[in-house]
>>> print(open('protein35.pdb').read())   # PDB, N, CA and C atoms
ATOM      1  N   MET A   1      97.469 -15.836 -96.223  1.00  0.00           N
ATOM      2  CA  MET A   1      96.183 -15.397 -95.693  1.00  0.00           C
ATOM      3  C   MET A   1      95.999 -15.934 -94.285  1.00  0.00           C
ATOM      4  N   SER A   2      95.288 -15.182 -93.518  1.00  0.00           N
ATOM      5  CA  SER A   2      95.014 -15.615 -92.159  1.00  0.00           C
ATOM      6  C   SER A   2      93.854 -16.612 -92.166  1.00  0.00           C
ATOM      7  N   ALA A   3      93.523 -17.102 -91.010  1.00  0.00           N
ATOM      8  CA  ALA A   3      92.458 -18.094 -90.888  1.00  0.00           C
ATOM      9  C   ALA A   3      91.106 -17.543 -91.344  1.00  0.00           C
ATOM     10  N   ALA A   4      90.890 -16.244 -91.206  1.00  0.00           N
ATOM     11  CA  ALA A   4      89.614 -15.641 -91.582  1.00  0.00           C
ATOM     12  C   ALA A   4      89.555 -15.333 -93.079  1.00  0.00           C
ATOM     13  N   GLY A   5      90.630 -15.653 -93.827  1.00  0.00           N
ATOM     14  CA  GLY A   5      90.658 -15.385 -95.251  1.00  0.00           C
ATOM     15  C   GLY A   5      91.045 -13.957 -95.593  1.00  0.00           C
ATOM     16  N   ILE A   6      91.527 -13.233 -94.601  1.00  0.00           N
ATOM     17  CA  ILE A   6      91.958 -11.856 -94.812  1.00  0.00           C
ATOM     18  C   ILE A   6      93.471 -11.863 -94.963  1.00  0.00           C
ATOM     19  N   PRO A   7      93.985 -11.183 -95.991  1.00  0.00           N
ATOM     20  CA  PRO A   7      95.441 -11.160 -96.151  1.00  0.00           C
ATOM     21  C   PRO A   7      96.118 -10.624 -94.897  1.00  0.00           C
ATOM     22  N   GLY A   8      97.263 -11.185 -94.563  1.00  0.00           N
ATOM     23  CA  GLY A   8      98.014 -10.751 -93.396  1.00  0.00           C
ATOM     24  C   GLY A   8      98.811  -9.500 -93.689  1.00  0.00           C
ATOM     25  N   ASN A   9      98.318  -8.693 -94.575  1.00  0.00           N
ATOM     26  CA  ASN A   9      98.998  -7.505 -95.045  1.00  0.00           C
ATOM     27  C   ASN A   9      98.366  -6.274 -94.402  1.00  0.00           C
ATOM     28  N   ARG A  10      99.170  -5.306 -94.052  1.00  0.00           N
ATOM     29  CA  ARG A  10      98.647  -4.062 -93.495  1.00  0.00           C
ATOM     30  C   ARG A  10      98.217  -3.145 -94.634  1.00  0.00           C
ATOM     31  N   PHE A  11      97.084  -2.495 -94.472  1.00  0.00           N
ATOM     32  CA  PHE A  11      96.596  -1.557 -95.464  1.00  0.00           C
ATOM     33  C   PHE A  11      96.883  -0.131 -95.003  1.00  0.00           C
ATOM     34  N   MET A  12      97.297   0.703 -95.941  1.00  0.00           N
ATOM     35  CA  MET A  12      97.644   2.087 -95.645  1.00  0.00           C
ATOM     36  C   MET A  12      96.657   3.021 -96.332  1.00  0.00           C
ATOM     37  N   THR A  13      96.412   4.166 -95.728  1.00  0.00           N
ATOM     38  CA  THR A  13      95.581   5.175 -96.373  1.00  0.00           C
ATOM     39  C   THR A  13      96.427   5.912 -97.409  1.00  0.00           C
ATOM     40  N   ILE A  14      95.761   6.687 -98.261  1.00  0.00           N
ATOM     41  CA  ILE A  14      96.470   7.490 -99.252  1.00  0.00           C
ATOM     42  C   ILE A  14      97.424   8.453 -98.558  1.00  0.00           C
ATOM     43  N   ALA A  15      96.982   9.061 -97.471  1.00  0.00           N
ATOM     44  CA  ALA A  15      97.820  10.003 -96.728  1.00  0.00           C
ATOM     45  C   ALA A  15      99.055   9.309 -96.157  1.00  0.00           C
ATOM     46  N   GLU A  16      98.900   8.091 -95.641  1.00  0.00           N
ATOM     47  CA  GLU A  16     100.039   7.350 -95.096  1.00  0.00           C
ATOM     48  C   GLU A  16     101.039   7.003 -96.194  1.00  0.00           C
ATOM     49  N   VAL A  17     100.541   6.611 -97.367  1.00  0.00           N
ATOM     50  CA  VAL A  17     101.429   6.302 -98.492  1.00  0.00           C
ATOM     51  C   VAL A  17     102.175   7.564 -98.914  1.00  0.00           C
ATOM     52  N   ALA A  18     101.455   8.673 -99.001  1.00  0.00           N
ATOM     53  CA  ALA A  18     102.075   9.940 -99.391  1.00  0.00           C
ATOM     54  C   ALA A  18     103.181  10.326 -98.414  1.00  0.00           C
ATOM     55  N   GLN A  19     102.916  10.157 -97.143  1.00  0.00           N
ATOM     56  CA  GLN A  19     103.913  10.486 -96.134  1.00  0.00           C
ATOM     57  C   GLN A  19     105.112   9.548 -96.233  1.00  0.00           C
ATOM     58  N   ALA A  20     104.880   8.266 -96.448  1.00  0.00           N
ATOM     59  CA  ALA A  20     105.968   7.299 -96.544  1.00  0.00           C
ATOM     60  C   ALA A  20     106.850   7.562 -97.762  1.00  0.00           C
ATOM     61  N   LEU A  21     106.225   7.953 -98.876  1.00  0.00           N
ATOM     62  CA  LEU A  21     106.978   8.205-100.104  1.00  0.00           C
ATOM     63  C   LEU A  21     107.457   9.657-100.205  1.00  0.00           C
ATOM     64  N   ARG A  22     106.993  10.493 -99.270  1.00  0.00           N
ATOM     65  CA  ARG A  22     107.334  11.926 -99.253  1.00  0.00           C
ATOM     66  C   ARG A  22     106.908  12.619-100.545  1.00  0.00           C
ATOM     67  N   VAL A  23     105.661  12.341-100.931  1.00  0.00           N
ATOM     68  CA  VAL A  23     105.032  12.984-102.087  1.00  0.00           C
ATOM     69  C   VAL A  23     103.660  13.486-101.652  1.00  0.00           C
ATOM     70  N   SER A  24     102.973  14.177-102.546  1.00  0.00           N
ATOM     71  CA  SER A  24     101.647  14.677-102.197  1.00  0.00           C
ATOM     72  C   SER A  24     100.601  13.569-102.322  1.00  0.00           C
ATOM     73  N   ARG A  25      99.460  13.792-101.697  1.00  0.00           N
ATOM     74  CA  ARG A  25      98.356  12.835-101.812  1.00  0.00           C
ATOM     75  C   ARG A  25      97.901  12.729-103.258  1.00  0.00           C
ATOM     76  N   MET A  26      97.912  13.847-103.994  1.00  0.00           N
ATOM     77  CA  MET A  26      97.505  13.824-105.396  1.00  0.00           C
ATOM     78  C   MET A  26      98.421  12.914-106.216  1.00  0.00           C
ATOM     79  N   THR A  27      99.705  12.918-105.913  1.00  0.00           N
ATOM     80  CA  THR A  27     100.639  12.035-106.605  1.00  0.00           C
ATOM     81  C   THR A  27     100.278  10.578-106.361  1.00  0.00           C
ATOM     82  N   VAL A  28      99.909  10.253-105.130  1.00  0.00           N
ATOM     83  CA  VAL A  28      99.520   8.870-104.810  1.00  0.00           C
ATOM     84  C   VAL A  28      98.236   8.513-105.553  1.00  0.00           C
ATOM     85  N   TYR A  29      97.268   9.428-105.596  1.00  0.00           N
ATOM     86  CA  TYR A  29      96.039   9.164-106.361  1.00  0.00           C
ATOM     87  C   TYR A  29      96.360   8.916-107.829  1.00  0.00           C
ATOM     88  N   ARG A  30      97.293   9.680-108.391  1.00  0.00           N
ATOM     89  CA  ARG A  30      97.687   9.470-109.788  1.00  0.00           C
ATOM     90  C   ARG A  30      98.323   8.095-109.980  1.00  0.00           C
ATOM     91  N   LEU A  31      99.173   7.692-109.035  1.00  0.00           N
ATOM     92  CA  LEU A  31      99.805   6.376-109.122  1.00  0.00           C
ATOM     93  C   LEU A  31      98.763   5.260-109.037  1.00  0.00           C
ATOM     94  N   VAL A  32      97.781   5.435-108.184  1.00  0.00           N
ATOM     95  CA  VAL A  32      96.715   4.443-108.050  1.00  0.00           C
ATOM     96  C   VAL A  32      95.875   4.401-109.327  1.00  0.00           C
ATOM     97  N   ASN A  33      95.484   5.561-109.839  1.00  0.00           N
ATOM     98  CA  ASN A  33      94.635   5.602-111.034  1.00  0.00           C
ATOM     99  C   ASN A  33      95.353   5.120-112.287  1.00  0.00           C
ATOM    100  N   SER A  34      96.679   5.238-112.319  1.00  0.00           N
ATOM    101  CA  SER A  34      97.445   4.746-113.465  1.00  0.00           C
ATOM    102  C   SER A  34      97.864   3.280-113.270  1.00  0.00           C
ATOM    103  N   HIS A  35      97.453   2.693-112.165  1.00  0.00           N
ATOM    104  CA  HIS A  35      97.744   1.296-111.820  1.00  0.00           C
ATOM    105  C   HIS A  35      99.225   1.048-111.558  1.00  0.00           C
ATOM    106  N   ALA A  36      99.971   2.082-111.226  1.00  0.00           N
ATOM    107  CA  ALA A  36     101.368   1.915-110.850  1.00  0.00           C
ATOM    108  C   ALA A  36     101.463   1.324-109.443  1.00  0.00           C
ATOM    109  N   ILE A  37     100.481   1.644-108.605  1.00  0.00           N
ATOM    110  CA  ILE A  37     100.370   1.076-107.264  1.00  0.00           C
ATOM    111  C   ILE A  37      98.987   0.449-107.143  1.00  0.00           C
ATOM    112  N   HIS A  38      98.957  -0.795-106.700  1.00  0.00           N
ATOM    113  CA  HIS A  38      97.691  -1.497-106.519  1.00  0.00           C
ATOM    114  C   HIS A  38      96.988  -0.955-105.275  1.00  0.00           C
ATOM    115  N   ALA A  39      95.685  -0.744-105.383  1.00  0.00           N
ATOM    116  CA  ALA A  39      94.892  -0.274-104.248  1.00  0.00           C
ATOM    117  C   ALA A  39      93.535  -0.961-104.259  1.00  0.00           C
ATOM    118  N   VAL A  40      92.907  -0.961-103.102  1.00  0.00           N
ATOM    119  CA  VAL A  40      91.573  -1.534-102.942  1.00  0.00           C
ATOM    120  C   VAL A  40      90.646  -0.389-102.568  1.00  0.00           C
ATOM    121  N   ARG A  41      89.489  -0.356-103.179  1.00  0.00           N
ATOM    122  CA  ARG A  41      88.547   0.719-102.889  1.00  0.00           C
ATOM    123  C   ARG A  41      87.485   0.237-101.911  1.00  0.00           C
ATOM    124  N   PHE A  42      87.310   0.996-100.840  1.00  0.00           N
ATOM    125  CA  PHE A  42      86.270   0.739 -99.846  1.00  0.00           C
ATOM    126  C   PHE A  42      85.344   1.944 -99.864  1.00  0.00           C
ATOM    127  N   GLY A  43      84.179   1.796-100.463  1.00  0.00           N
ATOM    128  CA  GLY A  43      83.270   2.930-100.575  1.00  0.00           C
ATOM    129  C   GLY A  43      83.900   4.004-101.438  1.00  0.00           C
ATOM    130  N   ARG A  44      84.130   5.169-100.858  1.00  0.00           N
ATOM    131  CA  ARG A  44      84.734   6.269-101.604  1.00  0.00           C
ATOM    132  C   ARG A  44      86.212   6.456-101.296  1.00  0.00           C
ATOM    133  N   SER A  45      86.792   5.591-100.494  1.00  0.00           N
ATOM    134  CA  SER A  45      88.199   5.747-100.139  1.00  0.00           C
ATOM    135  C   SER A  45      89.019   4.550-100.612  1.00  0.00           C
ATOM    136  N   TYR A  46      90.306   4.782-100.729  1.00  0.00           N
ATOM    137  CA  TYR A  46      91.237   3.735-101.157  1.00  0.00           C
ATOM    138  C   TYR A  46      92.085   3.290 -99.986  1.00  0.00           C
ATOM    139  N   ARG A  47      92.495   2.028-100.035  1.00  0.00           N
ATOM    140  CA  ARG A  47      93.482   1.496 -99.108  1.00  0.00           C
ATOM    141  C   ARG A  47      94.531   0.798 -99.953  1.00  0.00           C
ATOM    142  N   VAL A  48      95.780   1.011 -99.588  1.00  0.00           N
ATOM    143  CA  VAL A  48      96.892   0.472-100.355  1.00  0.00           C
ATOM    144  C   VAL A  48      97.610  -0.561 -99.497  1.00  0.00           C
ATOM    145  N   PRO A  49      97.746  -1.795 -99.998  1.00  0.00           N
ATOM    146  CA  PRO A  49      98.498  -2.786 -99.230  1.00  0.00           C
ATOM    147  C   PRO A  49      99.953  -2.350 -99.083  1.00  0.00           C
ATOM    148  N   GLU A  50     100.506  -2.567 -97.916  1.00  0.00           N
ATOM    149  CA  GLU A  50     101.896  -2.208 -97.662  1.00  0.00           C
ATOM    150  C   GLU A  50     102.820  -2.879 -98.675  1.00  0.00           C
ATOM    151  N   SER A  51     102.498  -4.110 -99.046  1.00  0.00           N
ATOM    152  CA  SER A  51     103.331  -4.833-100.012  1.00  0.00           C
ATOM    153  C   SER A  51     103.314  -4.165-101.385  1.00  0.00           C
ATOM    154  N   ALA A  52     102.219  -3.496-101.738  1.00  0.00           N
ATOM    155  CA  ALA A  52     102.137  -2.798-103.019  1.00  0.00           C
ATOM    156  C   ALA A  52     103.071  -1.590-103.025  1.00  0.00           C
ATOM    157  N   VAL A  53     103.194  -0.915-101.894  1.00  0.00           N
ATOM    158  CA  VAL A  53     104.111   0.222-101.793  1.00  0.00           C
ATOM    159  C   VAL A  53     105.542  -0.272-101.892  1.00  0.00           C
ATOM    160  N   GLU A  54     105.858  -1.361-101.191  1.00  0.00           N
ATOM    161  CA  GLU A  54     107.210  -1.931-101.244  1.00  0.00           C
ATOM    162  C   GLU A  54     107.551  -2.378-102.659  1.00  0.00           C
ATOM    163  N   SER A  55     106.599  -3.002-103.334  1.00  0.00           N
ATOM    164  CA  SER A  55     106.807  -3.450-104.708  1.00  0.00           C
ATOM    165  C   SER A  55     107.038  -2.264-105.638  1.00  0.00           C
ATOM    166  N   TYR A  56     106.273  -1.198-105.460  1.00  0.00           N
ATOM    167  CA  TYR A  56     106.439  -0.003-106.289  1.00  0.00           C
ATOM    168  C   TYR A  56     107.840   0.576-106.104  1.00  0.00           C
ATOM    169  N   ILE A  57     108.296   0.638-104.875  1.00  0.00           N
ATOM    170  CA  ILE A  57     109.626   1.178-104.603  1.00  0.00           C
ATOM    171  C   ILE A  57     110.696   0.313-105.262  1.00  0.00           C
ATOM    172  N   GLU A  58     110.569  -1.002-105.142  1.00  0.00           N
ATOM    173  CA  GLU A  58     111.549  -1.912-105.740  1.00  0.00           C
ATOM    174  C   GLU A  58     111.603  -1.769-107.254  1.00  0.00           C
ATOM    175  N   HIS A  59     110.435  -1.672-107.895  1.00  0.00           N
ATOM    176  CA  HIS A  59     110.379  -1.596-109.347  1.00  0.00           C
ATOM    177  C   HIS A  59     110.691  -0.200-109.880  1.00  0.00           C
ATOM    178  N   SER A  60     110.658   0.804-109.035  1.00  0.00           N
ATOM    179  CA  SER A  60     110.925   2.170-109.472  1.00  0.00           C
ATOM    180  C   SER A  60     112.345   2.618-109.181  1.00  0.00           C
ATOM    181  N   ALA A  61     113.104   1.768-108.529  1.00  0.00           N
ATOM    182  CA  ALA A  61     114.476   2.134-108.193  1.00  0.00           C
ATOM    183  C   ALA A  61     115.271   2.382-109.471  1.00  0.00           C
ATOM    184  N   VAL A  62     116.059   3.444-109.449  1.00  0.00           N
ATOM    185  CA  VAL A  62     116.857   3.815-110.606  1.00  0.00           C
ATOM    186  C   VAL A  62     118.267   3.291-110.403  1.00  0.00           C
ATOM    187  N   ASP A  63     118.743   2.564-111.395  1.00  0.00           N
ATOM    188  CA  ASP A  63     120.092   2.032-111.361  1.00  0.00           C
ATOM    189  C   ASP A  63     121.074   3.160-111.656  1.00  0.00           C
ATOM    190  N   GLU A  64     122.205   3.169-111.003  1.00  0.00           N
ATOM    191  CA  GLU A  64     123.192   4.223-111.209  1.00  0.00           C
ATOM    192  C   GLU A  64     123.649   4.277-112.662  1.00  0.00           C
ATOM    193  N   ALA A  65     123.730   3.138-113.321  1.00  0.00           N
ATOM    194  CA  ALA A  65     124.136   3.107-114.730  1.00  0.00           C
ATOM    195  C   ALA A  65     123.103   3.808-115.610  1.00  0.00           C
ATOM    196  N   GLU A  66     121.840   3.742-115.248  1.00  0.00           N
ATOM    197  CA  GLU A  66     120.799   4.428-116.005  1.00  0.00           C
ATOM    198  C   GLU A  66     120.894   5.941-115.827  1.00  0.00           C
ATOM    199  N   GLN A  67     121.279   6.380-114.644  1.00  0.00           N
ATOM    200  CA  GLN A  67     121.382   7.806-114.365  1.00  0.00           C
ATOM    201  C   GLN A  67     122.572   8.428-115.086  1.00  0.00           C
ATOM    202  N   ASN A  68     123.677   7.705-115.165  1.00  0.00           N
ATOM    203  CA  ASN A  68     124.903   8.216-115.763  1.00  0.00           C
ATOM    204  C   ASN A  68     125.336   7.333-116.912  1.00  0.00           C
ATOM    205  N   PRO A  69     124.694   7.457-118.074  1.00  0.00           N
ATOM    206  CA  PRO A  69     125.083   6.601-119.198  1.00  0.00           C
ATOM    207  C   PRO A  69     126.499   6.932-119.644  1.00  0.00           C
ATOM    208  N   PRO A  70     127.221   5.947-120.165  1.00  0.00           N
ATOM    209  CA  PRO A  70     128.602   6.217-120.611  1.00  0.00           C
ATOM    210  C   PRO A  70     128.605   7.224-121.746  1.00  0.00           C
ATOM    211  N   LYS A  71     129.595   8.114-121.743  1.00  0.00           N
ATOM    212  CA  LYS A  71     129.693   9.139-122.768  1.00  0.00           C
ATOM    213  C   LYS A  71     130.420   8.594-123.985  1.00  0.00           C
ATOM    214  N   ALA A  72     130.049   9.102-125.145  1.00  0.00           N
ATOM    215  CA  ALA A  72     130.717   8.699-126.382  1.00  0.00           C
ATOM    216  C   ALA A  72     132.157   9.196-126.333  1.00  0.00           C
ATOM    217  N   ALA A  73     133.042   8.503-127.042  1.00  0.00           N
ATOM    218  CA  ALA A  73     134.474   8.805-127.008  1.00  0.00           C
ATOM    219  C   ALA A  73     134.784  10.229-127.477  1.00  0.00           C
ATOM    220  N   GLY A  74     134.104  10.760-128.479  1.00  0.00           N
ATOM    221  CA  GLY A  74     134.401  12.080-129.009  1.00  0.00           C
ATOM    222  C   GLY A  74     133.674  13.207-128.313  1.00  0.00           C
ATOM    223  N   ASN A  75     132.707  12.915-127.458  1.00  0.00           N
ATOM    224  CA  ASN A  75     131.917  13.948-126.799  1.00  0.00           C
ATOM    225  C   ASN A  75     132.364  14.136-125.358  1.00  0.00           C
ATOM    226  N   PRO A  76     132.664  15.373-124.946  1.00  0.00           N
ATOM    227  CA  PRO A  76     133.083  15.605-123.540  1.00  0.00           C
ATOM    228  C   PRO A  76     131.937  15.545-122.577  1.00  0.00           C
TER     229      PRO A  76
END
>>> encode(input="protein35.pdb", output="structure tokens")
Amino acid sequence: MSAAGIPGNRFMTIAEVAQALRVSRMTVYRLVNSHAIHAVRFGRSYRVPESAVESYIEHSAVDEAEQNPPKAAGNP
């Protein structure tokens, strides 16, 4: 935190998050409402900490082993 007690984190708008993730704004709203991405509400708008977007990306990364599970010996 900075001296004023404000986190030293940059806050992004829903549109900025959508652009960064290359998804629609509605998708970002769904992620926020499902608590997949942490957001702060200011009046009627949301702001998403940059660290929350980075954390979401890290936790949502798909491992190559998960994408291509080993095949059973008898199945082609």
>>> resolve_selection(input="protein35.pdb", expression="the PyMOL selection byres (((chain A and resi 48 and name CA) around 7) and name CA)", output="CSV table (one decimal) with N, CA and C atoms, keeping the file's coordinate frame")
chain,number,residue,atom,x,y,z
A,11,PHE,N,97.1,-2.5,-94.5
A,11,PHE,CA,96.6,-1.6,-95.5
A,11,PHE,C,96.9,-0.1,-95.0
A,12,MET,N,97.3,0.7,-95.9
A,12,MET,CA,97.6,2.1,-95.6
A,12,MET,C,96.7,3.0,-96.3
A,13,THR,N,96.4,4.2,-95.7
A,13,THR,CA,95.6,5.2,-96.4
A,13,THR,C,96.4,5.9,-97.4
A,38,HIS,N,99.0,-0.8,-106.7
A,38,HIS,CA,97.7,-1.5,-106.5
A,38,HIS,C,97.0,-1.0,-105.3
A,39,ALA,N,95.7,-0.7,-105.4
A,39,ALA,CA,94.9,-0.3,-104.2
A,39,ALA,C,93.5,-1.0,-104.3
A,40,VAL,N,92.9,-1.0,-103.1
A,40,VAL,CA,91.6,-1.5,-102.9
A,40,VAL,C,90.6,-0.4,-102.6
A,46,TYR,N,90.3,4.8,-100.7
A,46,TYR,CA,91.2,3.7,-101.2
A,46,TYR,C,92.1,3.3,-100.0
A,47,ARG,N,92.5,2.0,-100.0
A,47,ARG,CA,93.5,1.5,-99.1
A,47,ARG,C,94.5,0.8,-100.0
A,49,PRO,N,97.7,-1.8,-100.0
A,49,PRO,CA,98.5,-2.8,-99.2
A,49,PRO,C,100.0,-2.4,-99.1
A,50,GLU,N,100.5,-2.6,-97.9
A,50,GLU,CA,101.9,-2.2,-97.7
A,50,GLU,C,102.8,-2.9,-98.7
A,52,ALA,N,102.2,-3.5,-101.7
A,52,ALA,CA,102.1,-2.8,-103.0
A,52,ALA,C,103.1,-1.6,-103.0
>>> residues_around(input="protein35.pdb", residues="Val28 in chain A", least_positions_apart="6", cutoff="7 Å", atoms="all atoms listed in the file", output="MDAnalysis selection string")
chainID A and resid 14 17:18
>>> atom_distance(input="protein35.pdb", atom1="atom C of Ile57 in chain A", atom2="atom C of Ala20 in chain A")
11.1 Å
>>> atom_distance(input="protein35.pdb", atom1="atom C of Asp63 in chain A", atom2="CA of Thr27 in chain A")
22.8 Å
>>> atom_distance(input="protein35.pdb", atom1="atom C of Ser34 in chain A", atom2="atom N of Tyr56 in chain A")
12.3 Å
>>> select_by_dssp(input="protein35.pdb", residues="range 19-72 of chain A", states="strand (DSSP E or B)", output="JSON, numbers by chain")
{"A": [40, 41, 42, 45, 46, 47, 48, 49]}
>>> closest_residue(input="protein35.pdb", among="A:Ser60, A:Asn33, A:Ser51, A:Ser24", to="Arg10 in chain A", atoms="only N, CA and C atoms")
A:Ser51
